[in-house]
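Novice: Quick one, upload_9.cif (mmCIF, C-alpha atoms):
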data_data
#
loop_
_atom_site.label_atom_id
_atom_site.label_comp_id
_atom_site.auth_asym_id
_atom_site.auth_seq_id
_atom_site.Cartn_x
_atom_site.Cartn_y
_atom_site.Cartn_z
CA GLY A 9 93.58 103.65 18.88
CA GLY A 10 91.71 106.51 20.46
CA ALA A 11 92.16 107.85 23.95
CA MET A 12 91.14 105.48 26.71
CA SER A 13 88.87 107.54 28.91
CA PHE A 14 89.31 105.31 31.93
CA LEU A 15 92.95 106.40 32.17
CA LYS A 16 93.50 108.98 34.88
CA ARG A 17 96.37 110.82 36.39
CA PHE A 18 97.14 109.83 39.98
CA PRO A 19 100.19 109.51 42.20
CA PRO A 20 101.79 106.09 42.49
CA PRO A 21 100.72 104.16 45.59
CA ALA A 22 103.05 104.70 48.52
CA GLU A 23 101.81 102.18 51.07
CA GLY A 24 101.63 98.42 51.09
CA VAL A 25 103.36 97.97 47.75
CA ARG A 26 104.29 94.30 47.66
CA HIS A 27 105.89 94.48 44.23
CA GLN A 28 106.69 97.16 41.72
CA GLN A 29 107.66 96.36 38.15
CA PRO A 30 108.96 99.15 35.91
CA ASP A 31 109.15 98.97 32.15
CA THR A 32 105.96 96.98 31.89
CA GLU A 33 103.58 97.24 28.99
CA ALA A 34 99.88 97.11 29.71
CA VAL A 35 97.56 95.58 27.13
CA LEU A 36 93.78 95.60 27.25
CA ALA A 37 91.84 93.25 24.97
CA GLY A 38 94.75 93.18 22.58
CA ARG A 39 95.32 96.93 22.45
CA THR A 40 98.44 98.35 24.02
CA LEU A 41 98.16 101.13 26.56
CA GLY A 42 101.84 101.94 26.51
CA ALA A 43 104.82 101.32 28.73
CA GLY A 44 104.80 102.07 32.43
CA THR A 45 105.14 100.69 35.93
CA LEU A 46 102.94 98.08 37.53
CA TYR A 47 102.29 98.52 41.26
CA ILE A 48 101.02 95.48 43.09
CA ALA A 49 99.80 97.02 46.33
CA GLU A 50 97.71 95.56 49.10
CA SER A 51 94.83 97.95 48.46
CA ARG A 52 94.66 97.72 44.67
CA LEU A 53 96.54 96.91 41.51
CA SER A 54 97.74 100.01 39.66
CA TRP A 55 99.51 100.68 36.44
CA LEU A 56 100.94 104.07 35.54
CA GLU A 57 102.24 104.90 32.13
CA ASN A 58 105.52 106.77 32.06
CA SER A 59 103.56 109.92 31.22
CA GLY A 60 101.75 109.69 34.55
CA VAL A 61 98.29 108.49 33.53
CA GLY A 62 97.05 105.05 34.33
CA PHE A 63 94.36 102.99 36.01
CA SER A 64 93.70 100.89 39.07
CA LEU A 65 91.93 97.60 39.53
CA ASP A 66 90.29 96.53 42.77
CA TYR A 67 91.07 92.98 43.83
CA PRO A 68 87.45 91.95 44.36
CA THR A 69 86.90 92.62 40.64
CA ILE A 70 89.79 90.38 39.60
CA SER A 71 88.57 86.87 38.80
CA LEU A 72 91.93 85.32 38.18
CA HIS A 73 95.52 86.03 37.27
CA ALA A 74 98.18 83.84 35.70
CA VAL A 75 101.68 83.62 34.29
CA SER A 76 101.56 82.94 30.59
CA ARG A 77 104.65 81.74 28.75
CA ASP A 78 102.71 80.11 25.94
CA LEU A 79 104.01 82.01 22.92
CA ASN A 80 101.47 80.33 20.67
CA ALA A 81 98.68 81.93 22.65
CA TYR A 82 100.34 85.34 22.94
CA PRO A 83 103.74 86.31 21.59
CA TRP A 84 105.21 87.65 24.83
CA GLU A 85 105.50 86.19 28.30
CA HIS A 86 103.19 88.13 30.57
CA LEU A 87 101.00 88.37 33.62
CA TYR A 88 97.42 87.77 32.60
CA VAL A 89 94.66 89.37 34.65
CA MET A 90 90.98 88.71 34.08
CA VAL A 91 88.69 91.39 35.48
CA ASN A 92 84.98 91.14 36.10
CA ALA A 93 84.14 94.59 34.78
CA LYS A 94 83.64 96.54 31.60
CA PHE A 95 86.13 99.02 30.31
CA GLU A 96 85.33 101.63 27.75
CA GLU A 97 87.29 99.85 25.07
CA GLU A 98 84.39 97.39 24.77
CA THR A 99 83.00 99.23 21.77
CA LYS A 100 80.60 97.54 19.41
CA GLU A 101 83.42 96.87 16.94
CA ALA A 102 85.62 95.22 19.51
CA SER A 103 82.91 92.97 20.90
CA MET A 104 81.62 91.97 17.49
CA ALA A 105 85.13 90.99 16.50
CA GLU A 106 85.30 88.69 19.53
CA GLY A 107 82.09 87.10 18.35
CA GLU A 108 80.42 86.84 21.68
CA GLU A 109 78.02 89.75 21.72
CA GLU A 110 75.95 88.25 18.90
CA GLU A 111 75.20 85.15 20.88
CA GLU A 112 74.06 86.87 24.02
CA ASP A 113 70.40 86.68 24.85
CA SER A 114 70.66 89.45 27.36
CA ASP A 115 73.37 91.39 29.07
CA ASP A 116 72.37 89.97 32.39
CA ASP A 117 73.35 86.42 31.50
CA VAL A 118 76.89 87.11 30.47
CA GLU A 119 79.37 88.56 32.90
CA PRO A 120 81.47 91.45 31.65
CA ILE A 121 85.06 90.39 31.27
CA ALA A 122 88.10 92.47 30.53
CA GLU A 123 91.43 90.85 29.82
CA PHE A 124 94.58 92.68 30.80
CA ARG A 125 98.09 91.59 30.03
CA PHE A 126 101.09 93.06 31.78
CA VAL A 127 104.25 92.41 29.79
CA PRO A 128 107.42 93.15 31.76
CA SER A 129 110.62 93.68 29.86
CA ASP A 130 112.22 91.54 32.57
CA LYS A 131 110.58 88.10 32.09
CA SER A 132 112.24 86.70 35.17
CA ALA A 133 110.08 89.00 37.29
CA LEU A 134 106.87 87.19 36.38
CA GLU A 135 107.05 84.75 39.32
CA ALA A 136 107.44 87.55 41.84
CA MET A 137 104.65 89.53 40.22
CA PHE A 138 102.37 86.49 40.28
CA SER A 139 103.11 85.71 43.93
CA ALA A 140 102.65 89.30 45.02
CA MET A 141 99.24 89.32 43.38
CA CYS A 142 98.27 86.05 45.09
CA GLU A 143 99.15 87.56 48.46
CA CYS A 144 97.21 90.74 47.83
CA GLN A 145 94.23 88.89 46.41
CA ALA A 146 94.03 86.78 49.56
CA LEU A 147 93.66 89.98 51.57
CA HIS A 148 90.32 90.64 49.90
CA PRO A 149 87.99 87.73 50.50
CA ASP A 150 84.63 87.93 48.79
CA PRO A 151 82.34 90.20 50.79
CA ASP A 152 79.28 88.94 48.94
CA ASP A 153 79.78 85.37 49.99
CA GLU A 154 76.52 84.62 51.77
CA ASP A 155 76.69 80.86 51.36
CA SER A 156 79.69 80.33 53.53
CA ASP A 157 79.76 79.95 57.26
CA ASN A 158 82.89 81.99 57.41
CA ASP A 159 81.65 84.60 59.81
CA TYR A 160 83.91 84.13 62.75
CA GLU A 161 83.97 87.29 64.75
CA GLY A 162 85.67 88.70 67.73
CA GLU A 163 88.91 87.77 69.33
CA GLU A 164 90.52 84.39 69.33
CA TYR A 165 89.77 82.73 72.60
CA ASP A 166 91.49 80.12 74.65
CA VAL A 167 89.38 77.01 74.22
CA GLU A 168 90.36 75.36 77.48
CA ALA A 169 89.78 78.45 79.55
CA HIS A 170 86.42 78.84 77.90
CA GLU A 171 85.45 75.24 78.57
CA LEU A 172 86.41 75.48 82.23
CA GLU A 173 84.02 78.40 82.59
CA GLN A 174 81.16 76.38 81.18
CA GLY A 175 79.78 74.54 84.17
CA ASP A 176 77.64 72.21 82.12
CA ILE A 177 80.26 71.04 79.66
CA PRO A 178 81.82 67.80 80.88
CA THR A 179 85.53 68.07 81.45
CA PHE A 180 88.05 65.47 82.39
CA TYR A 181 90.24 65.94 85.44
CA THR A 182 93.11 64.09 86.95
CA TYR A 183 92.37 62.58 90.34
CA GLU A 184 93.94 65.44 92.29
CA GLU A 185 92.32 68.24 90.25
CA GLY A 186 89.01 66.50 90.19
CA LEU A 187 88.73 66.05 93.95
CA SER A 188 88.75 69.79 94.48
CA HIS A 189 85.90 70.22 91.99
CA LEU A 190 83.57 67.71 93.55
CA THR A 191 80.59 68.81 95.57
CA ALA A 192 79.78 67.01 98.83
CA GLU A 193 77.41 64.81 96.88
CA GLY A 194 80.11 64.13 94.34
CA GLN A 195 82.53 63.15 97.07
CA ALA A 196 80.00 60.70 98.46
CA THR A 197 79.44 59.17 95.06
CA LEU A 198 83.17 58.88 94.53
CA GLU A 199 83.60 57.04 97.80
CA ARG A 200 80.78 54.69 96.90
CA LEU A 201 82.28 53.94 93.51
CA GLU A 202 85.72 53.39 94.95
CA GLY A 203 84.23 50.97 97.38
CA MET A 204 82.56 49.05 94.60
CA LEU A 205 85.76 48.95 92.62
CA ALA A 206 87.61 47.55 95.55
CA GLN A 207 85.00 44.81 95.84
CA SER A 208 84.90 43.97 92.15
CA VAL A 209 88.67 43.90 91.91
CA SER A 210 88.90 41.26 94.55
CA SER A 211 86.13 39.12 93.12
CA GLN A 212 86.83 39.19 89.40
CA TYR A 213 89.40 40.20 86.85
CA ASN A 214 88.89 43.74 85.62
CA MET A 215 90.72 45.25 82.74
CA ALA A 216 91.13 48.98 82.96
CA GLY A 217 88.51 50.74 80.91
CA VAL A 218 86.23 47.70 80.69
CA ARG A 219 83.11 47.92 82.78
CA THR A 220 81.37 44.91 84.24
CA GLU A 221 77.59 44.54 84.26
CA ASP A 222 77.46 45.86 87.82
CA SER A 223 79.57 48.90 87.18
CA ILE A 224 77.66 49.81 84.02
CA ARG A 225 74.44 50.05 85.99
CA GLU A 226 76.04 52.14 88.69
CA PHE A 227 77.69 54.50 86.27
CA GLU A 228 74.43 55.19 84.50
CA ASP A 229 74.28 58.73 85.81
CA GLY A 230 76.97 59.62 83.32
CA MET A 231 79.52 60.85 85.80
CA GLU A 232 82.97 60.31 84.45
CA VAL A 233 85.51 60.50 87.20
CA ASP A 234 89.05 59.39 86.78
CA ILE A 235 89.50 57.20 89.85
CA ALA A 236 92.95 56.30 91.11
CA PRO A 237 93.40 52.55 91.58
CA VAL A 238 92.42 51.38 95.02
CA VAL A 239 94.64 48.34 94.88
CA ALA A 240 98.16 49.45 94.25
CA GLY A 241 99.75 47.74 91.31
CA GLN A 242 96.54 46.29 89.94
CA PHE A 243 96.26 48.87 87.19
CA GLU A 244 99.86 49.82 86.87
CA ASP A 245 99.96 49.33 83.15
CA ALA A 246 96.54 50.75 82.48
CA GLU A 247 96.05 53.63 80.07
CA VAL A 248 94.37 56.40 81.95
CA ASP A 249 92.59 59.07 79.92
CA HIS A 250 93.30 62.63 80.94
CA MET B 11 99.84 68.19 53.08
CA GLU B 12 99.74 71.79 54.13
CA VAL B 13 97.87 73.40 56.96
CA SER B 14 97.33 77.13 57.08
CA HIS B 15 99.30 79.16 59.60
CA SER B 16 96.20 81.17 60.32
CA VAL B 17 93.98 80.07 63.20
CA LYS B 18 90.99 81.61 61.51
CA GLU B 19 91.63 79.79 58.24
CA ARG B 20 92.06 76.47 60.04
CA THR B 21 88.72 76.98 61.76
CA ILE B 22 87.02 77.76 58.48
CA ALA B 23 88.60 74.78 56.75
CA GLU B 24 87.72 72.43 59.56
CA ASN B 25 84.07 73.38 59.27
CA SER B 26 83.61 73.25 55.51
CA LEU B 27 84.38 71.12 52.51
CA VAL B 28 87.26 73.44 51.62
CA ILE B 29 89.17 70.96 53.72
CA LEU B 30 88.68 68.39 50.96
CA LEU B 31 90.06 70.77 48.34
CA GLN B 32 93.06 71.47 50.53
CA GLY B 33 93.76 67.76 50.49
CA LEU B 34 94.14 67.89 46.72
CA HIS B 35 97.59 69.47 46.82
CA GLY B 36 99.72 67.86 44.14
CA HIS B 37 96.80 66.36 42.26
CA VAL B 38 95.91 67.33 38.72
CA THR B 39 92.41 68.68 38.88
CA THR B 40 89.93 70.40 36.58
CA VAL B 41 88.27 73.53 37.88
CA ASP B 42 85.19 74.89 36.15
CA LEU B 43 85.01 78.64 36.52
CA ARG B 44 81.98 80.82 36.88
CA ASP B 45 82.41 82.27 33.41
CA GLU B 46 82.41 78.75 31.96
CA SER B 47 86.09 78.60 31.22
CA THR B 48 87.97 75.64 32.66
CA ALA B 49 91.42 75.18 34.08
CA THR B 50 93.17 71.82 34.42
CA GLY B 51 96.36 71.79 36.41
CA ARG B 52 98.19 70.62 39.49
CA VAL B 53 96.82 72.07 42.72
CA THR B 54 99.52 73.92 44.62
CA ASN B 55 97.40 75.76 47.15
CA VAL B 56 93.83 76.17 48.33
CA ASP B 57 93.02 78.62 51.09
CA ALA B 58 90.00 78.84 53.36
CA PHE B 59 88.25 81.19 50.92
CA MET B 60 88.58 78.62 48.17
CA ASN B 61 91.12 80.74 46.31
CA MET B 62 92.98 78.16 44.27
CA ARG B 63 96.47 78.14 42.88
CA LEU B 64 97.28 75.72 40.07
CA ALA B 65 100.50 74.97 38.18
CA GLU B 66 101.07 73.79 34.61
CA VAL B 67 97.58 74.65 33.57
CA THR B 68 95.67 74.01 30.41
CA PHE B 69 93.21 76.85 30.36
CA THR B 70 90.22 76.71 28.05
CA ASP B 71 88.45 80.04 27.81
CA ARG B 72 84.71 80.40 27.47
CA GLN B 73 85.02 80.41 23.70
CA GLY B 74 86.85 77.10 23.80
CA THR B 75 90.32 78.38 23.01
CA ALA B 76 93.00 76.48 24.89
CA SER B 77 96.29 77.83 26.12
CA HIS B 78 98.96 76.90 28.60
CA LEU B 79 99.55 78.86 31.77
CA ASP B 80 102.54 78.23 34.01
CA GLU B 81 100.65 79.26 37.09
CA LEU B 82 97.08 80.30 37.71
CA PHE B 83 95.33 81.85 40.71
CA VAL B 84 91.55 81.85 40.65
CA THR B 85 89.47 83.51 43.36
CA GLY B 86 87.08 81.34 45.31
CA ARG B 87 84.19 83.43 44.12
CA ASN B 88 84.86 82.40 40.56
CA VAL B 89 85.13 78.69 41.18
CA ARG B 90 81.99 76.88 40.14
CA TYR B 91 83.04 73.22 40.31
CA VAL B 92 86.15 71.35 41.28
CA HIS B 93 86.43 67.91 39.74
CA ILE B 94 87.77 65.56 42.38
CA PRO B 95 90.16 63.18 40.62
CA ASP B 96 89.13 59.53 40.56
CA GLU B 97 92.24 58.41 42.40
CA VAL B 98 91.39 60.54 45.42
CA ASP B 99 89.79 58.76 48.36
CA ILE B 100 87.54 61.56 49.59
CA ARG B 101 86.93 60.30 53.10
CA ALA B 102 90.56 59.46 53.75
CA THR B 103 91.60 62.86 52.44
CA ILE B 104 89.26 64.71 54.77
CA GLU B 105 90.38 62.64 57.76
CA ARG B 106 94.01 63.22 56.95
CA GLN B 107 93.48 66.99 56.69
CA LEU B 108 91.61 67.05 60.00
CA GLN B 109 94.44 65.15 61.66
CA ALA B 110 96.95 67.60 60.25
CA ILE B 111 94.96 70.50 61.68
CA HIS B 112 94.71 68.82 65.06
CA ARG B 113 98.44 68.12 65.11
CA VAL B 114 99.14 71.78 64.48
CA ARG B 115 96.60 72.88 67.03
CA TYR B 116 97.83 70.64 69.82
CA PHE B 117 101.49 71.10 69.04
CA GLY B 118 102.05 73.16 72.14
CA GLY B 119 100.35 70.65 74.38
CA ARG B 120 96.89 70.77 75.82
CA ASP B 121 97.65 73.43 78.38
CA LYS B 122 99.41 75.74 75.97
CA GLY B 123 96.22 77.48 74.99
CA ARG B 124 94.27 76.11 72.09
CA LYS B 125 92.84 79.15 70.42
CA GLU B 126 89.87 79.26 68.11
CA PHE B 127 87.32 81.72 66.85
CA PRO B 128 83.81 81.74 68.24
CA ARG B 129 81.16 81.44 65.60
CA THR B 130 78.49 84.08 65.31
CA LYS B 131 75.87 81.68 64.02
CA HIS B 132 75.02 78.43 65.72
CA LYS B 133 73.87 75.78 63.31
#
Can you dump the structure from the file as structure tokens?

Specialist:
Amino acid sequence: GGAMSFLKRFPPPAEGVRHQQPDTEAVLAGRTLGAGTLYIAESRLSWLENSGVGFSLDYPTISLHAVSRDLNAYPWEHLYVMVNAKFEEETKEASMAEGEEEEEDSDDDVEPIAEFRFVPSDKSALEAMFSAMCECQALHPDPDDEDSDNDYEGEEYDVEAHELEQGDIPTFYTYEEGLSHLTAEGQATLERLEGMLAQSVSSQYNMAGVRTEDSIREFEDGMEVDIAPVVAGQFEDAEVDH
Amino acid sequence: MEVSHSVKERTIAENSLVILLQGLHGHVTTVDLRDESTATGRVTNVDAFMNMRLAEVTFTDRQGTASHLDELFVTGRNVRYVHIPDEVDIRATIERQLQAIHRVRYFGGRDKGRKEFPRTKHK
């Protein structure tokens, strides 16, 4: 075929190369581009023919990649890469042969797709090539994704420390911790409640965690305080929530 | 089931239906892609960005030609639909995934510093 104008001369990537596969043929839409080296780098996917010209693909443009060993579909085991972009080989002849251009109503409806195949002479390398691409692809989440709620910004923060700072968020304390956090009013309420508990314990059977009619009314203000048992031994086997 | 090692990804998963897809590990599932091709295979990984990794895939391209792919990785952006298999109990799957996340999160104990990301938008 004729010269592929999208091929350029550039130095091989030096940084963040997760996998490098020499002696790899690159094929675009069924036409071979020659033999060269595939560089799977964190910033982009590059292929350089042995002569020094090649091309790069940006991960956000790659829709999918796969390991193909189905020799009925394509005669050599390869890494298949589908790209959401047009390359100059999409001439009228090529697209007519694929049969899809005729059926298009408009160019806007159909996404451009270019199919690359990277055929390594070493078939056993396909797994490593595939995995390296998965890792690099994951480094480039979709920037156009407006639907998602995935905008978490800033530093990770310690949830407990944050909650303790929020005065109005209810927090649970052990008896000892809680005492120091009570206001004078809180202390008074606590004493009142403890008194009631002492009374109700003596007059009826109370299971831990189960409130009687009386105690439900009194606790209406929503204060949740973990009270230590007034009668030693009464609640020994109770489950206390911390 | 697998839970991401990334705090950020766990937070994202916990707050979206990606968590359901992550519960599909090991299940054979059909994924409809944005370009109208489809891929049917066993789910081996789903990350918080809905990037999906499938094994032993029957891939049908947009012209209807089928082929077999040993492994496939499709970016979240290009996933249109994921067919939840009939045998999957959706509610139980989500609950199980949430429990797995909470186990990982509280592994160090409550005082060991549960870390999360603040959200910029409040819904």

Novice: With 9 Å as the threshold, what does the neighbourhood of (97.5, 88.7, 34.6) contain in terms of residues, counting all atoms listed in the file? Coordinates are those of the file; answer as a list of chain:residue names.

Specialist: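 Selection result: A:Leu72, A:His73, A:Ala74, A:Val75, A:Ser76, A:His86, A:Leu87, A:Tyr88, A:Val89, A:Met90, A:Glu123, A:Phe124, A:Arg125, A:Phe126, A:Phe138, A:Met141, B:Leu82.
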
Novice: Report as a PDB file with C-alpha atoms, in the frame of the given file all protein, DNA and RNA residues lying within 8 Å of range 111-114 of chain B, evaluated on all atoms listed in the file, omitting residues in the same chain fewer than 5 positions from it.

Specialist:
ATOM      1  CA  VAL B  13      97.870  73.400  56.960  1.00  0.00           C
ATOM      2  CA  ARG B  20      92.060  76.470  60.040  1.00  0.00           C
ATOM      3  CA  GLU B  24      87.720  72.430  59.560  1.00  0.00           C
TER       4      GLU B  24
END

Novice: For range 25-35 of chain B, work out the shell of residues within 8 Å, counting only C-alpha atoms and skipping chain neighbours fewer than 5 positions away, then give it as a PyMOL selection string.

Specialist: (chain A and resi 157) or (chain B and resi 11-12+52-60+98+100+103-104+106-108)

Novice: Take CA of Leu41 in chain A and CA of Leu15 in chain A and report the distance between them in Å, one decimal.

Specialist: 9.3 Å

Novice: Kindly indicate which residue among A:Pro83, A:Met137, A:Ser129, A:Ala93 lies nearest to Ala43 in chain A, using all atoms listed in the file for the distances.

Specialist: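 The closest residue to Ala43 in chain A is A:Ser129.
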
Novice: Can you pull out the residues contacting Pro95 in chain B? Cut-off 9 Å, using all atoms listed in the file, and skip same-chain residues under 5 positions away; I want them as a PyMOL selection string.

Specialist: chain B and resi 34+37-40

Novice: Do you have the CA of Ile94 in chain B-CA of Glu81 in chain B distance handy?

Specialist: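 CA of Glu81 in chain B lies 19.5 Å from CA of Ile94 in chain B.
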
Novice: To test your reading of the syntax: which residues would the PyMOL selection byres ((chain A and resi 36) around 12) return for the file shown? Reply as a ChimeraX atom specification.

Specialist: /A:9,12,14-15,33-35,37-42,55,63,88-91,94-98,102,121-127

Novice: Set the distance at 8 Å and use all atoms listed in the file: which residues neighbour range 147-152 of chain A once local chain neighbours fewer than 5 positions away are removed? I'd like the list as a PyMOL selection string.

Specialist: (chain A and resi 50+67-68) or (chain B and resi 59+86-87)

Novice: Please determine, counting only C-alpha atoms, which residue among B:Asp80, B:Arg72, B:Ala110, B:Leu43 has the shortest atom-to-atom distance to Ser14 in chain B.

Specialist: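 Using only C-alpha atoms, Ser14 in chain B sits closest to B:Ala110.
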
Novice: Which of these residues is nearest to chain A, using all atoms listed in the file: B:Thr75, B:Thr68, B:Thr85, B:Thr50?

Specialist: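 For chain A, the nearest of the candidates is B:Thr85.
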
Novice: Rounded to one decimal in Å, what is the spacing between CA of Arg63 in chain B and CA of Val84 in chain B?

Specialist: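 So the two atoms, CA of Arg63 in chain B and CA of Val84 in chain B, lie 6.6 Å apart.
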
Novice: In terms of the shortest atom-to-atom distance over all atoms listed in the file, which of A:Ser59, A:Ser139, A:Ser64, A:Ser208 is closest to chain B?

Specialist: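 Distance minimum relative to chain B lands on A:Ser139.
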
Novice: Evaluate the PyMOL selection byres ((chain B and resi 45) around 10) here and jot the selected residues down as a list of chain:residue names.

Specialist: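 This file, filtered by the PyMOL selection byres ((chain B and resi 45) around 10), leaves A:Ser71, A:Asn92, A:Val118, A:Glu119, A:Pro120, A:Ile121, B:Asp42, B:Leu43, B:Arg44, B:Glu46, B:Ser47, B:Thr48, B:Asp71, B:Arg72, B:Asn88, B:Val89, B:Arg90.
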
Novice: Which is closest to chain B among A:Glu135, A:Asp130, A:Glu57, A:Asp31, if we use all atoms listed in the file?

Specialist: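 Using all atoms listed in the file, the shortest distance to chain B belongs to A:Glu135.
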
Novice: Considering all atoms listed in the file, state which residue in the set A:Glu85, A:Glu23, A:Asp66, A:Glu193 is at the smallest distance from chain B.

Specialist: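 Among A:Glu85, A:Glu23, A:Asp66, A:Glu193, it is A:Glu85 that comes nearest to chain B.
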